[in-house]
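For reference, coords20.tsv (TSV, C-alpha atoms and all ligand atoms):
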```tsv
chain	number	residue	atom	x	y	z
A	17	MET	CA	32.87	-24.42	-54.80
A	18	ALA	CA	33.62	-20.76	-54.74
A	19	ARG	CA	35.71	-18.45	-56.83
A	20	TYR	CA	39.26	-19.80	-56.85
A	21	ASP	CA	38.48	-23.28	-55.45
A	22	LEU	CA	38.49	-25.09	-58.77
A	23	ALA	CA	41.53	-23.14	-59.97
A	24	ASP	CA	43.37	-24.15	-56.79
A	25	GLU	CA	42.30	-27.77	-57.12
A	26	LEU	CA	43.36	-28.00	-60.76
A	27	GLN	CA	46.60	-26.23	-59.91
A	28	LYS	CA	47.49	-29.13	-57.62
A	29	LYS	CA	47.01	-31.55	-60.51
A	30	LEU	CA	49.09	-29.36	-62.80
A	31	ASP	CA	51.82	-29.22	-60.15
A	32	ALA	CA	51.84	-33.01	-59.91
A	33	GLU	CA	52.15	-33.24	-63.69
A	34	LEU	CA	54.94	-30.65	-63.59
A	35	ARG	CA	56.82	-32.71	-60.97
A	36	ARG	CA	56.51	-35.81	-63.16
A	37	GLU	CA	57.89	-33.89	-66.15
A	38	ILE	CA	60.80	-32.51	-64.13
A	39	ASN	CA	61.63	-35.92	-62.66
A	40	ARG	CA	61.61	-37.44	-66.12
A	41	LEU	CA	64.34	-35.00	-67.21
A	42	ASP	CA	66.16	-35.30	-63.88
A	43	VAL	CA	66.84	-39.03	-64.18
A	44	ILE	CA	68.35	-38.96	-67.68
A	45	GLY	CA	72.06	-39.80	-67.57
A	46	PHE	CA	74.49	-37.10	-68.73
A	47	ASP	CA	75.93	-39.58	-71.24
A	48	GLU	CA	72.57	-39.52	-73.04
A	49	LEU	CA	72.42	-35.72	-73.22
A	50	ASN	CA	73.88	-33.02	-75.42
A	51	ALA	CA	72.85	-29.49	-76.40
A	52	MET	CA	70.53	-30.77	-79.12
A	53	THR	CA	68.72	-33.35	-77.00
A	54	ILE	CA	68.34	-30.91	-74.09
A	55	LYS	CA	66.77	-28.38	-76.45
A	56	SER	CA	64.33	-30.87	-77.94
A	57	LYS	CA	63.44	-32.47	-74.60
A	58	THR	CA	62.69	-29.11	-72.96
A	59	GLU	CA	60.64	-28.10	-76.01
A	60	GLU	CA	58.59	-31.28	-75.84
A	61	MET	CA	58.11	-30.86	-72.11
A	62	VAL	CA	56.89	-27.26	-72.39
A	63	GLU	CA	54.55	-28.26	-75.21
A	64	ARG	CA	52.96	-30.88	-72.94
A	65	LEU	CA	52.80	-28.46	-70.01
A	66	LEU	CA	51.11	-25.81	-72.14
A	67	LYS	CA	48.56	-28.38	-73.29
A	68	ALA	CA	47.80	-29.43	-69.72
A	69	ASN	CA	47.44	-25.78	-68.71
A	70	ALA	CA	45.11	-25.06	-71.63
A	71	ALA	CA	42.76	-27.88	-70.61
A	72	ALA	CA	42.73	-26.73	-66.98
A	73	PHE	CA	42.17	-23.09	-67.96
A	74	LYS	CA	39.16	-24.08	-70.05
A	75	ALA	CA	37.61	-25.88	-67.09
A	76	ILE	CA	38.40	-22.91	-64.84
A	77	ALA	CA	36.82	-20.46	-67.30
A	78	TYR	CA	33.64	-22.53	-67.49
A	79	ALA	CA	33.35	-22.84	-63.71
A	80	ALA	CA	33.98	-19.11	-63.21
A	81	MET	CA	31.31	-18.22	-65.78
A	82	LYS	CA	28.80	-20.65	-64.20
A	83	GLU	CA	29.41	-19.20	-60.76
A	84	ALA	CA	29.03	-15.64	-62.06
A	85	VAL	CA	25.68	-16.64	-63.62
A	86	GLU	CA	24.59	-18.07	-60.27
A	87	ASP	CA	25.65	-14.88	-58.50
A	88	LEU	CA	23.55	-12.85	-60.95
A	89	ASP	CA	20.51	-15.03	-60.40
A	90	ASN	CA	20.99	-14.66	-56.66
A	91	LEU	CA	21.33	-10.90	-57.02
A	92	TYR	CA	18.10	-10.64	-58.99
A	93	GLY	CA	16.30	-13.44	-57.18
A	94	THR	CA	15.81	-15.32	-60.44
A	95	THR	CA	16.67	-18.86	-61.54
A	96	GLY	CA	18.30	-19.71	-64.83
A	97	LYS	CA	17.72	-16.22	-66.23
A	98	ALA	CA	21.24	-14.86	-66.35
A	99	LYS	CA	22.90	-15.71	-69.63
A	100	GLU	CA	26.05	-17.74	-70.12
A	101	ILE	CA	29.00	-16.69	-72.24
A	102	PRO	CA	31.30	-18.89	-74.36
A	103	THR	CA	34.30	-20.32	-72.49
A	104	GLY	CA	35.94	-22.41	-75.21
A	105	SER	CA	39.61	-22.73	-76.18
A	106	LYS	CA	39.34	-19.70	-78.45
A	107	GLU	CA	38.02	-17.42	-75.70
A	108	VAL	CA	40.57	-18.72	-73.18
A	109	ASP	CA	43.42	-18.28	-75.63
A	110	LYS	CA	42.38	-14.69	-76.21
A	111	VAL	CA	42.86	-14.01	-72.50
A	112	LEU	CA	46.26	-15.72	-72.52
A	113	LYS	CA	47.36	-13.67	-75.51
A	114	ALA	CA	46.25	-10.35	-74.06
A	115	TYR	CA	48.58	-8.14	-72.05
A	116	ASN	CA	48.33	-9.10	-68.37
A	117	PRO	CA	48.93	-6.17	-65.98
A	118	VAL	CA	49.60	-8.52	-63.04
A	119	THR	CA	52.31	-10.63	-64.67
A	120	ASP	CA	53.39	-7.74	-66.90
A	121	TYR	CA	54.29	-10.15	-69.70
A	122	LEU	CA	52.66	-12.13	-72.49
A	123	TYR	CA	51.86	-15.75	-71.67
A	124	TYR	CA	53.27	-17.64	-74.66
A	125	PRO	CA	56.43	-15.56	-75.22
A	126	GLU	CA	57.16	-15.83	-71.49
A	127	ALA	CA	56.65	-19.62	-71.52
A	128	ASP	CA	59.14	-19.81	-74.37
A	129	ARG	CA	61.62	-17.56	-72.52
A	130	LYS	CA	61.39	-19.80	-69.45
A	131	ARG	CA	61.98	-22.85	-71.64
A	132	SER	CA	64.92	-21.27	-73.41
A	133	ARG	CA	66.55	-20.18	-70.12
A	134	LEU	CA	66.08	-23.69	-68.73
A	135	SER	CA	67.59	-25.24	-71.83
A	136	GLU	CA	70.66	-22.95	-71.66
A	137	ALA	CA	71.13	-23.53	-67.93
A	138	LEU	CA	70.91	-27.32	-68.36
A	139	ILE	CA	73.47	-27.22	-71.15
A	140	VAL	CA	75.83	-25.27	-68.85
A	141	ALA	CA	75.28	-27.81	-66.04
A	142	LEU	CA	76.07	-30.58	-68.51
A	143	MET	CA	79.27	-28.80	-69.62
A	144	LEU	CA	80.30	-28.39	-65.97
A	145	ASP	CA	79.34	-32.03	-65.38
A	146	SER	CA	77.32	-30.81	-62.37
A	147	ARG	CA	74.40	-33.03	-61.49
A	148	GLU	CA	73.67	-30.64	-58.63
A	149	LYS	CA	73.35	-27.59	-60.91
A	150	TYR	CA	71.28	-29.61	-63.37
A	151	HIS	CA	68.88	-30.66	-60.63
A	152	TYR	CA	68.71	-27.12	-59.19
A	153	GLN	CA	67.86	-25.59	-62.59
A	154	LEU	CA	65.01	-28.04	-63.09
A	155	ARG	CA	63.62	-27.20	-59.66
A	156	LYS	CA	63.95	-23.49	-60.36
A	157	PHE	CA	62.08	-23.87	-63.65
A	158	ALA	CA	59.30	-25.81	-61.89
A	159	HIS	CA	58.90	-23.03	-59.35
A	160	LEU	CA	58.72	-20.30	-62.01
A	161	TRP	CA	56.36	-22.32	-64.18
A	162	HIS	CA	54.08	-22.93	-61.23
A	163	THR	CA	53.94	-19.19	-60.44
A	164	GLN	CA	53.06	-18.28	-64.01
A	165	THR	CA	50.41	-20.99	-64.32
A	166	LYS	CA	48.82	-20.13	-60.98
A	167	GLN	CA	48.55	-16.45	-61.83
A	168	TYR	CA	46.98	-17.12	-65.22
A	169	GLY	CA	44.47	-19.45	-63.58
A	170	ASP	CA	43.42	-16.55	-61.36
A	171	THR	CA	43.35	-14.18	-64.34
A	172	ILE	CA	41.02	-16.59	-66.16
A	173	VAL	CA	38.65	-16.63	-63.17
A	174	ASP	CA	38.61	-12.83	-62.92
A	175	THR	CA	38.22	-12.27	-66.65
A	176	PHE	CA	35.36	-14.69	-67.24
A	177	ARG	CA	33.62	-13.57	-64.07
A	178	GLY	CA	33.81	-9.93	-65.16
A	179	ASP	CA	32.85	-10.70	-68.76
A	180	THR	CA	29.79	-12.66	-67.62
A	181	PHE	CA	28.62	-9.73	-65.52
A	182	LYS	CA	29.23	-7.36	-68.42
A	183	ALA	CA	27.32	-9.59	-70.86
A	184	ASN	CA	24.37	-9.50	-68.45
A	185	GLY	CA	24.19	-5.73	-68.33
A	186	ILE	CA	25.94	-5.18	-65.02
A	187	LYS	CA	27.42	-1.70	-64.88
A	188	TYR	CA	28.95	-1.61	-61.40
A	189	VAL	CA	30.79	-4.11	-59.24
A	190	LYS	CA	32.05	-4.15	-55.69
A	191	TRP	CA	35.63	-5.11	-54.86
A	192	GLN	CA	35.86	-7.68	-52.08
A	193	SER	CA	38.97	-8.69	-50.21
A	194	GLU	CA	39.38	-11.61	-47.86
A	195	HIS	CA	38.81	-10.58	-44.28
A	196	ASP	CA	41.66	-12.51	-42.74
A	197	ASP	CA	45.11	-11.65	-41.40
A	198	LYS	CA	46.79	-12.64	-44.68
A	199	VAL	CA	45.20	-9.79	-46.63
A	200	CYS	CA	47.65	-7.00	-47.51
A	201	GLY	CA	47.16	-3.25	-46.97
A	202	ILE	CA	46.55	-2.48	-50.65
A	203	CYS	CA	43.80	-5.06	-50.94
A	204	GLU	CA	42.29	-4.11	-47.61
A	205	ASP	CA	42.05	-0.48	-48.79
A	206	MET	CA	40.18	-1.58	-51.91
A	207	ASP	CA	37.66	-3.65	-49.95
A	208	GLU	CA	34.02	-2.69	-50.67
A	209	LYS	CA	35.00	-0.04	-53.23
A	210	ILE	CA	32.58	0.30	-56.12
A	211	TYR	CA	33.92	0.35	-59.67
A	212	LYS	CA	32.39	0.77	-63.09
A	213	ILE	CA	32.66	-2.64	-64.73
A	214	THR	CA	34.72	-1.11	-67.52
A	215	GLU	CA	37.11	0.45	-65.00
A	216	ILE	CA	37.93	-2.36	-62.60
A	217	PRO	CA	41.55	-1.90	-61.54
A	218	PRO	CA	43.91	-4.81	-62.18
A	219	LYS	CA	44.80	-7.10	-59.29
A	220	PRO	CA	47.57	-5.30	-57.38
A	221	HIS	CA	49.86	-8.33	-57.06
A	222	TYR	CA	50.34	-12.07	-57.66
A	223	ASN	CA	48.16	-14.37	-55.51
A	224	CYS	CA	45.67	-11.60	-54.80
A	225	ARG	CA	42.56	-13.37	-53.51
A	226	CYS	CA	40.19	-10.44	-53.98
A	227	TRP	CA	37.13	-10.83	-56.17
A	228	ILE	CA	34.32	-8.73	-57.56
A	229	GLU	CA	30.62	-8.89	-56.80
A	230	PRO	CA	27.91	-7.56	-59.11
A	231	ILE	CA	25.76	-4.87	-57.53
A	232	GLU	CA	22.39	-3.47	-58.39
A	233	LYS	CA	22.41	0.11	-59.58
A	234	PRO	CA	19.45	1.89	-61.16
A	235	ASP	CA	21.00	1.57	-64.62
A	236	ASN	CA	21.87	-2.11	-64.24
A	237	LYS	CA	19.65	-3.95	-66.63
A	238	ARG	CA	17.80	-6.90	-65.13
A	239	PRO	CA	17.81	-10.11	-67.13
A	240	GLU	CA	14.56	-10.45	-69.15
B	301	ZN	ZN	46.86	-7.82	-51.48
B	302	ZN	ZN	43.78	-8.63	-53.27
```
Take the structure in the file and give it back as structure tokens.
Ligand SMILES: [Zn+2]
Ligand SMILES: [Zn+2]
Amino acid sequence: MARYDLADELQKKLDAELRREINRLDVIGFDELNAMTIKSKTEEMVERLLKANAAAFKAIAYAAMKEAVEDLDNLYGTTGKAKEIPTGSKEVDKVLKAYNPVTDYLYYPEADRKRSRLSEALIVALMLDSREKYHYQLRKFAHLWHTQTKQYGDTIVDTFRGDTFKANGIKYVKWQSEHDDKVCGICEDMDEKIYKITEIPPKPHYNCRCWIEPIEKPDNKRPE
């Protein structure tokens, strides 16, 4: 397991759950729907999706923190010395509620905007009696929801990794990009750059697979 592995694995489960939710709405007959029921059904769906995301994010935060602790022990050649940081619902929610420079929006308000747009678009499809439009709007929502969820999963990894290093007295980190042909020019340019832990630049784009490594500097405090 390394860096984004667990996030990617859980993302697949969340995607499967998302497909189930979308299919559930997709098979309802138009005769059973109206503006009110569409609104309540999309609200209930998003509530369940948010809950599933929250559980996955918590697991991702914990795994990221554990891996960061391992990396610190490896760096210092110690075992079980680096300290853990809390990764509960409260800590995860704080990250979700903070401004995210990659998505450039706030998690919960954006989830609600996506839900509200879906609800409106489904009502229009119903008015036009277009099964095709109705189906398309559900698929579109699923795609957008997936993108948001995936990016926040990555943000959780990066945040808890960085916070664990910070809590263990690390002052400098090294930016690492993947050395494959999928890496973009921006990320490639940042490869191996050293940053103060308080001045790590935000990920330059969605799906950035770069990560940070703790490095030893004279003023980095070793764990006691
Ligand atoms: Zn890139
Ligand atoms: Zn990158």
Counting only C-alpha atoms, which residues of segment 22-71 of chain A fall within 9 Å of segment 165-183 of chain A, and what is the closest atom pair for each with its distance in Å at one decimal, ordered by chain and rising number, as CSV?
```
residue,atom,partner,partner_atom,distance
A:Ala23,CA,A:Gly169,CA,5.9
A:Asp24,CA,A:Lys166,CA,8.0
A:Gln27,CA,A:Lys166,CA,6.6
A:Leu30,CA,A:Thr165,CA,8.6
A:Asn69,CA,A:Thr165,CA,7.1
```
Please check which protein, DNA or RNA residues sit within 7 Å of ligand ZN 302 (chain B), counting only C-alpha atoms and all ligand atoms, and write them as a compact mmCIF listing (two decimals) with C-alpha atoms, keeping the file's coordinate frame.
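The resulting file, out.txt, is shown below:
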```
# COMPACT_ATOMS: atom_id res chain seq x y z
CA SER A 193 38.97 -8.69 -50.21
CA VAL A 199 45.20 -9.79 -46.63
CA CYS A 203 43.80 -5.06 -50.94
CA LYS A 219 44.80 -7.10 -59.29
CA PRO A 220 47.57 -5.30 -57.38
CA CYS A 224 45.67 -11.60 -54.80
CA ARG A 225 42.56 -13.37 -53.51
CA CYS A 226 40.19 -10.44 -53.98
```
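Compared by their closest atoms to Leu66 of chain A, and using all atoms listed in the file, the residues A:His162, A:His151, A:Lys209, A:Lys82 rank with A:His162 nearest.
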Q.
When you count only C-alpha atoms, which of these residues is closest to Leu88 of chain A: A:Pro230, A:Pro102, A:Gly185, A:Pro217?
A.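 Under the stated criterion, the closest residue is A:Pro230.
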As a compact mmCIF listing (two decimals) with C-alpha atoms, in the coordinates of the input, please: every protein or nucleic acid residue near ligand ZN 301 (chain B) (cut-off 12 Å, counting only C-alpha atoms and all ligand atoms).
```txt
# COMPACT_ATOMS: atom_id res chain seq x y z
CA VAL A 118 49.60 -8.52 -63.04
CA GLN A 192 35.86 -7.68 -52.08
CA SER A 193 38.97 -8.69 -50.21
CA GLU A 194 39.38 -11.61 -47.86
CA HIS A 195 38.81 -10.58 -44.28
CA ASP A 196 41.66 -12.51 -42.74
CA ASP A 197 45.11 -11.65 -41.40
CA LYS A 198 46.79 -12.64 -44.68
CA VAL A 199 45.20 -9.79 -46.63
CA CYS A 200 47.65 -7.00 -47.51
CA GLY A 201 47.16 -3.25 -46.97
CA ILE A 202 46.55 -2.48 -50.65
CA CYS A 203 43.80 -5.06 -50.94
CA GLU A 204 42.29 -4.11 -47.61
CA ASP A 205 42.05 -0.48 -48.79
CA MET A 206 40.18 -1.58 -51.91
CA ASP A 207 37.66 -3.65 -49.95
CA PRO A 218 43.91 -4.81 -62.18
CA LYS A 219 44.80 -7.10 -59.29
CA PRO A 220 47.57 -5.30 -57.38
CA HIS A 221 49.86 -8.33 -57.06
CA TYR A 222 50.34 -12.07 -57.66
CA ASN A 223 48.16 -14.37 -55.51
CA CYS A 224 45.67 -11.60 -54.80
CA ARG A 225 42.56 -13.37 -53.51
CA CYS A 226 40.19 -10.44 -53.98
CA TRP A 227 37.13 -10.83 -56.17
```
For segment 50-57 of chain A, take all atoms listed in the file, fit an axis-aligned box around them, add 6 Å to each of the six sides, then output centre and edge lengths in Å rounded to one decimal, as lines of an AutoDock Vina configuration file.
```
center_x = 68.7
center_y = -30.9
center_z = -76.6
size_x = 22.4
size_y = 17.0
size_z = 17.0
```
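Separating atom CA of Leu41 of chain A from atom CA of Lys57 of chain A is a distance of 7.9 Å.
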Q: Find the residue from A:Tyr92, A:Glu107, A:Arg147, A:Ala68 that sits nearest to Asp47 of chain A; use all atoms listed in the file when measuring.
A: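 Of the candidates, the smallest distance to Asp47 of chain A is held by A:Arg147.
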Q. Taking all atoms listed in the file into account, which of A:Val108, A:Leu26, A:Leu134, A:Ala79 comes nearest Arg155 of chain A?
A.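 Of the candidates, the smallest distance to Arg155 of chain A is held by A:Leu134.
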Q | Closest of A:Glu215, A:Glu86, A:Glu148, A:Glu208 to Asp42 of chain A - atom-to-atom distances counting all atoms listed in the file | A | A:Glu148
Saved segment 98-110 of chain A from the preceding structure, C-alpha atoms, as a short mmCIF file (atom, residue, chain, number, x, y, z; two decimals), in the first residue's frame:
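Output file out_18.cif follows:
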```
data_model
loop_
_atom_site.label_atom_id
_atom_site.label_comp_id
_atom_site.auth_asym_id
_atom_site.auth_seq_id
_atom_site.Cartn_x
_atom_site.Cartn_y
_atom_site.Cartn_z
CA ALA A 98 7.09 8.85 15.22
CA LYS A 99 3.84 10.03 16.73
CA GLU A 100 0.38 9.59 15.29
CA ILE A 101 -2.18 12.36 14.88
CA PRO A 102 -5.97 12.14 15.25
CA THR A 103 -7.83 11.19 12.06
CA GLY A 104 -11.43 11.09 13.29
CA SER A 105 -14.60 12.47 11.69
CA LYS A 106 -13.99 15.86 13.27
CA GLU A 107 -10.50 16.22 11.78
CA VAL A 108 -11.65 14.97 8.37
CA ASP A 109 -14.61 17.31 8.35
CA LYS A 110 -12.32 20.23 9.07
#
```
